[in-house]
Each structure stands twice: as structure tokens, then as C-alpha cells.
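Remarks on the structure that follows.
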Amino acid sequence: MSAPRIRLSDVEAFARWTPFVRPFRFGAVTVEGAFQAFVSVVVEVEGHGRATGMTAELMPPKWFDKRPGRSPGDTVRDLVASLSEAVARANAIRTSDTAFGHHAALHERQIAWARAADVTPLSAAFGVAQVDKAVLDGLSKALGRSFVAVLAGNAAGIDTRLTPDLAQAAVEARLAALSPARSIALRHTVGLMDQIDGPDSLAGELDAADLRFFKIKLGGDPATDCRRLAKIAGLLDGRGIDYRVTVDANEQYAPDALADLLIRADAEPRLAGLMARLLFIEQPYDRRVTFEQGLNAGVAARGVIIDEADDAYDAFPRARALGYSGVSSKCCKGFYKALLNATRAAVWNEEAGEGRFLVSAEDLTCQPGLAVQQDTAFVAALGLTHVERNGHHYVDGFGPAPETEAQAFRAAHPGLYAATDRVRLAVASGRLDLSSLDWPGFASGAMPDLSSLQPLSIVFAEGQPA
């Protein structure tokens with residue numbers, strides 16, 4: 001499939017406040033609600049007409065930027081500025097290009113803007129990532145094909161201008177290997193404030209869903225984390241579950257402390273089963289020091305991936321040189337970068353003759369609707385077999401979205417959503433049903449109710465958030 005040239009117009013951003021039903025603590029921050037951003041774009045595809053594409057993504061504070069001098073409100077305002085900048089630049093484009101060509105141009109200008117504005121590269125990428133997702137949705141609709149078919153045939157025009165370490169043939173081969181998946185296993189997040197047993201606890205989640213994969217948040221203190229891991233292991237082992245776990249430190253550990261945690265865990269009999277089932281460790285060290293020294297050999301042997309440190313197209317190769325074995329995929333950081341990182345992992349594994357390198361499917365509280373559908377369908381198309389999904393755990397169904405919006409998404413994707421008192425993600429089986437997402441568009445099928453959204457500029461002109 002050749003890559004058609006496209007024009008962008010009417011790029012708009014909106015927002016909706018989304019309260020959480022329970023606090024979500026990751027790293028040093030506790031979040032009780034966040035704005036969800038929405039982006040729409042009209043895509044005019046050469047020879048195929050026009051279509052409107054949309055996407056959505058939460059804007060949580062203190063994840064994209066954890067600098068001590070930045071308040072939670074500051075970090076959200078930076079995301080808003082990033083999205084506003086990307087939307088303005090996309091609207092200013094007067095030339096036709098491939099979808100990836102538009103991405104590359106926007107990415108370069110966005111990074112230059114961020115340096116001048118003292119915005120982190122990760123925050124800067126957020127804005128471009130939302131435009132990219134909406135463009136892919138519109139392109140796929142205009143072509144009358146699913147996003148998997150569009151990417152597999154490289155109708156987006158993905159090339160190696162941003163990843164000169166890769167050969168174009170390797171990119172084409174990885175794209176051709178993309179395939180729609182009918183389902184994917186859910187990896188349940190155990191937040192730092194989540195109860196292990198009792199009311200509203202992990203035990204209750206196990207009663208309600210057939211969970212087999214878990215992501216456990218770490219707090220940074222070896223003794224405290226070891227005790228908490230032992231309590232979680234006692235619950236899982238006591239249920240007789242054949243489970244797998246990942247642990248996420250969200251930058252809270254120092255190298256010596258992480259080595260201490262692993263020594264303690266290996267010496268704790270109650271953790272023998274859990275440690276044998278540990279798949280990898282996610283982002284243990286502060287992103288600012290991640291690339292300053294190589295991993296301890298014993299730590300590297302456990303499998304360590306970067307997440308918050310994945311702030312540039314060359315981050316994964318630099319991490320690999322220091323002993324890291326993987327990188328996260330999150331559409332909020334950019335699906336093109338995730339695709340090209342998956343290509344790197346495939347190339348490196350072929351060179352090594354073993355499956356040492358990986359791309360993992362992680363979450364930043366993707367909400368029901370476009371956000372969870374697009375991110376989940378994307379990582380499943382990469383061939384990943386389980387995905388962290390936590391938005392349904394911290395938000396009540398579709399949250400403040402109109403009931404008509406929730407019902408429209410459920411009608412379009414009856415296997416993905418269930419309706420009891422409210423429309424919610426269907427998680428009882430421990431797997432997400434993706435069979436309805438392989439249709440024209442980027443795993444959309446329904447659209448948010450625009451009348452319920454406010455323009456991004458109006459929401460934040462009113463001084464939100466505090």
C-alpha cells in the first residue's frame with residue numbers, strides 16, 4: 001500500500017474533568033482526578049476524500065514532569081501548553097505530506113519549542129502524540145481500512161528519518177507483522193494506596209475478575225516494599241493462581257536500594273513464588289540519572305525497562321547500552337516511537353538469537369472510550385499478550401461523560417463493555433475483548449459527545465487547575 005499525502009485542517013482540542021473514585025498513588029504523587037483531553041482533526045486524503053479523526057488521553061499531574069520545583073498544577077499546564085502548541089502548529093501546516101511526515105515535522109518543532117519554554121521532552125511529546133492518533137483515525141476512516149491494515153501496509157509513510165540506527169527494510173518487516181488481536185490479557189495495577197484485603201481491596205478484585213497478571217507499585221523503601229510484596233504474594237499464592245507480576249518503582253529507587261530490595265526479596269521465603277514469576281522491573285531510577293551509569297549485573301538480569309526515561313527517539317538504544325532490556329509502549333508518549341522501538345527489539349533479538357529485548361504495554365489511566373480502545377488495540381496489534389489497564393479501577397465507568405456517550409461506545413463494542421449500574425470495561429474474564437475494534441478507523445467505532453466537552457483554551461483560561 002502506498003502512503004497517500006494528506007492535508008490537515010480544523011484541528012481542535014477539548015477537555016473534560018474526570019474525578020477518581022479512589023486515590024491513585026504512583027511514585028511520590030497521589031491523584032484524585034485529572035482532565036481528559038480530546039483532539040479532533042479533519043484529514044483530507046489524496047484520492048480518498050475527507051474524514052474526521054479523534055482521540056482522547058488523560059492529563060495526570062506529576063508524571064510527565066516530576067521536577068521538584070514544579071507543582072502538580074504546573075505540570076498539567078505544561079501538558080495543556082504542549083497540546084495547544086501542537087494543535088496550533090498542525091493548523092498552520094499548508095502543505096500535504098504523509099501522516100508520518102506530518103509527525104516528524106511537528107515533532108522537530110515541538111522539541112525546539114519545549115527547550116525554549118522549559119517544558120520536558122516527555123511533556124512536549126504529549127501534544128504531538130494526540131494529533132498523531134487523531135490523524136491515524138481520520139486516515140484509516142478515509143481509506144476505509146482498520147488502523148492495523150493502514151500501518152501494516154505503511155500507508156502512514158513511516159521511515160527512518162528519526163531512527164537512523166534502523167534499516168527501512170526492518171521497519172517494513174515489523175509493520176507487515178502487525179496483526180489485529182481478538183483479545184488481550186488484563187494486567188491489574190496494585191497501587192500504593194490500594195488495600196490488599198478487606199473492603200474495596202485486591203482480594204475483592206480477585207473475586208470479581210479472573211486476573212492472572214499484576215503490576216505492583218513500589219514506594220522506594222526496601223523494607224516496606226518487601227513486607228507489602230509478601231502480603232500480596234500471600235494472597236495470590238493462597239488463591240492458587242498461576243500468576244505473573246511486574247513491579248514499577250516510578251523513579252523512586254536509588255541503585256543501592258534496589259539491590260537491597262532484591263536481596264531481601266530473594267531471602268524471604270514468602271516471596272519465592274512471586275519472585276519466580278517476576279517478568280521485569282519498570283523504571284526504578286529517576287529519569288534524570290537513568291543514563292548516568294550502567295545497571296548492576298544482578299539487577300539487569302531481572303529484566304529492567306525504561307518508562308519515564310523514554311523521552312526521545314534514541315532513549316531505548318541508550319538504555320540498551322547500559323543493560324536495560326526493554327521500554328514501555330504508551331500512546332500518550334507517541335505510537336510511532338513505540339512502533340519503531342518494537343522494530344529495534346525485533347532486530348536486536350534476531351541478532352542475539354534470543355528474546356531478550358521487549359516492548360511492554362503500560363498504562364497511564366487510559367479511560368473507557370477512545371483512549372482505552374486505541375491504546376489497547378495498538379499494543380495487541382504489536383503482538384503483546386498482556387496490558388496494564390487501570391483506568392477502570394480508578395474511575396467510575398465513563399465518569400462524567402453523558403450516558404448517551406457511554407451507551408454509544410457499548411453499542412459499538414458490546415464485548416469490550418458491560419452494563420450493570422453503569423457502562424464499564426468488561427474485565428470479569430481477565431481478558432479484554434477486542435474483536436469489534438478491527439474496523440475502519442483507529443479502534444474508534446463511536447465518538448465522544450462534543451456538546452459535553454469544553455474547548456481546551458476556555459477550560460484553562462478560567463484558571464484550571466489550581
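Simple scheme: letters A, B, ... for chains in C-alpha cells order, numbers from 1 for residues in each chain, numbers from 1 for ligands in the order shown.
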Quick one: residues within 12 Å of A:Arg25, only C-alpha atoms counted, chain neighbours fewer than 5 positions away excluded, as a CSV table (one decimal) with N, CA and C atoms, in the first residue's frame?
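Writing the result to out_18.csv gives the following:
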chain,number,residue,atom,x,y,z
A,20,PHE,N,-11.7,10.7,40.2
A,20,PHE,CA,-11.4,9.3,40.5
A,20,PHE,C,-12.3,8.9,41.7
A,30,THR,N,-0.1,11.6,44.7
A,30,THR,CA,-1.4,11.0,44.8
A,30,THR,C,-2.4,11.8,44.0
A,31,VAL,N,-3.1,11.1,43.1
A,31,VAL,CA,-4.0,11.8,42.2
A,31,VAL,C,-5.5,11.4,42.5
A,32,GLU,N,-6.3,12.4,42.6
A,32,GLU,CA,-7.8,12.1,42.9
A,32,GLU,C,-8.7,12.5,41.7
A,33,GLY,N,-8.1,12.9,40.6
A,33,GLY,CA,-8.8,13.3,39.4
A,33,GLY,C,-7.9,14.0,38.4
A,60,PRO,N,-2.6,13.5,33.6
A,60,PRO,CA,-2.4,13.4,35.1
A,60,PRO,C,-1.2,14.3,35.5
A,61,PRO,N,-1.3,14.9,36.7
A,61,PRO,CA,-0.2,15.7,37.1
A,61,PRO,C,1.0,14.9,37.6
A,62,LYS,N,2.2,15.5,37.5
A,62,LYS,CA,3.4,15.0,38.1
A,62,LYS,C,3.9,13.6,37.6
A,63,TRP,N,3.5,13.3,36.3
A,63,TRP,CA,4.1,12.1,35.7
A,63,TRP,C,5.0,12.5,34.6
A,189,THR,N,-3.4,-3.3,38.0
A,189,THR,CA,-2.5,-2.4,38.8
A,189,THR,C,-2.8,-2.5,40.3
A,190,VAL,N,-1.8,-2.7,41.1
A,190,VAL,CA,-2.0,-2.6,42.5
A,190,VAL,C,-1.3,-1.4,43.0
A,191,GLY,N,-2.1,-0.3,43.2
A,191,GLY,CA,-1.5,1.0,43.5
A,191,GLY,C,-1.0,1.0,45.0
A,192,LEU,N,-0.2,2.0,45.3
A,192,LEU,CA,0.4,2.1,46.6
A,192,LEU,C,-0.6,2.3,47.7
A,193,MET,N,-1.7,2.9,47.4
A,193,MET,CA,-2.8,3.1,48.4
A,193,MET,C,-3.9,2.0,48.3
A,194,ASP,N,-3.7,1.1,47.4
A,194,ASP,CA,-4.8,0.0,47.3
A,194,ASP,C,-4.7,-0.9,48.5
A,216,ILE,N,2.6,-4.3,40.3
A,216,ILE,CA,2.7,-3.8,41.7
A,216,ILE,C,3.5,-2.6,41.8
A,217,LYS,N,3.0,-1.5,42.3
A,217,LYS,CA,3.7,-0.3,42.5
A,217,LYS,C,4.6,-0.4,43.7
A,218,LEU,N,5.9,0.1,43.6
A,218,LEU,CA,6.8,0.1,44.7
A,218,LEU,C,7.0,1.6,45.2
A,219,GLY,N,7.3,1.7,46.5
A,219,GLY,CA,7.4,3.0,47.1
A,219,GLY,C,8.8,3.6,47.3
A,248,ASP,N,6.8,-1.7,39.5
A,248,ASP,CA,7.0,-0.4,38.9
A,248,ASP,C,7.4,0.5,40.1
A,249,ALA,N,8.6,1.1,40.0
A,249,ALA,CA,9.1,1.9,41.1
A,249,ALA,C,8.8,3.4,40.8
A,250,ASN,N,8.4,3.7,39.5
A,250,ASN,CA,8.1,5.1,39.2
A,250,ASN,C,9.2,6.1,39.7
A,364,LEU,N,-1.4,4.8,31.6
A,364,LEU,CA,-1.4,6.0,32.4
A,364,LEU,C,-2.8,6.3,32.7
A,365,THR,N,-3.6,5.4,33.2
A,365,THR,CA,-5.0,5.6,33.5
A,365,THR,C,-5.8,5.9,32.2
A,394,TYR,N,-9.9,3.1,38.7
A,394,TYR,CA,-9.8,4.4,39.5
A,394,TYR,C,-10.9,5.4,39.1
List every residue of stretch 37-253 of chain A that DSSP, applied to the backbone of this structure, assigns to alpha helix (DSSP H), and report them as a count of residues only.
-> 102
Atom CA of A:Asp225 and atom CA of A:Tyr285 are how many Å apart?
-> 15.4 Å
Per residue of stretch 325-389 of chain A within 7 Å of stretch 172-181 of chain A, note the shortest atom pair and the distance in Å to one decimal, counting only C-alpha atoms, and order the rows by chain and increasing residue number, as CSV.
residue,atom,partner,partner_atom,distance
A:Thr343,CA,A:Arg174,CA,5.7
A:Ala380,CA,A:Ala181,CA,5.7
A:Ala381,CA,A:Pro180,CA,4.9
A:Leu382,CA,A:Leu178,CA,5.6
Counting only C-alpha atoms, what is within 12 Å of A:Ser451, bar same-chain residues fewer than 2 positions away, as number ranges by chain?
-> A: 14-16, 401-402, 404-405, 447-449, 453-455
Mind checking which residues fall within 7 Å of A:Ala134, counting only C-alpha atoms, ignoring those fewer than 5 positions away in the same chain, and posting them as a PyMOL selection string?
-> chain A and resi 39-41+53-55
Could you give me, as a list in words, each residue of stretch 133-287 of chain A that DSSP assigns to strand (DSSP E or B) when run on this structure's backbone?
->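 Listing strand (DSSP E or B) positions across stretch 133-287 of chain A yields Ser146, Ser183, Ile184, Ala185, Leu186, Arg187, His188, Thr189, Val190, Gln195, Ser201, Phe213, Phe214, Lys215, Ile216, Lys217, Arg244, Val245, Thr246, Val247, Asp248, Leu278, Leu279, Phe280, Ile281 and Glu282 of chain A.
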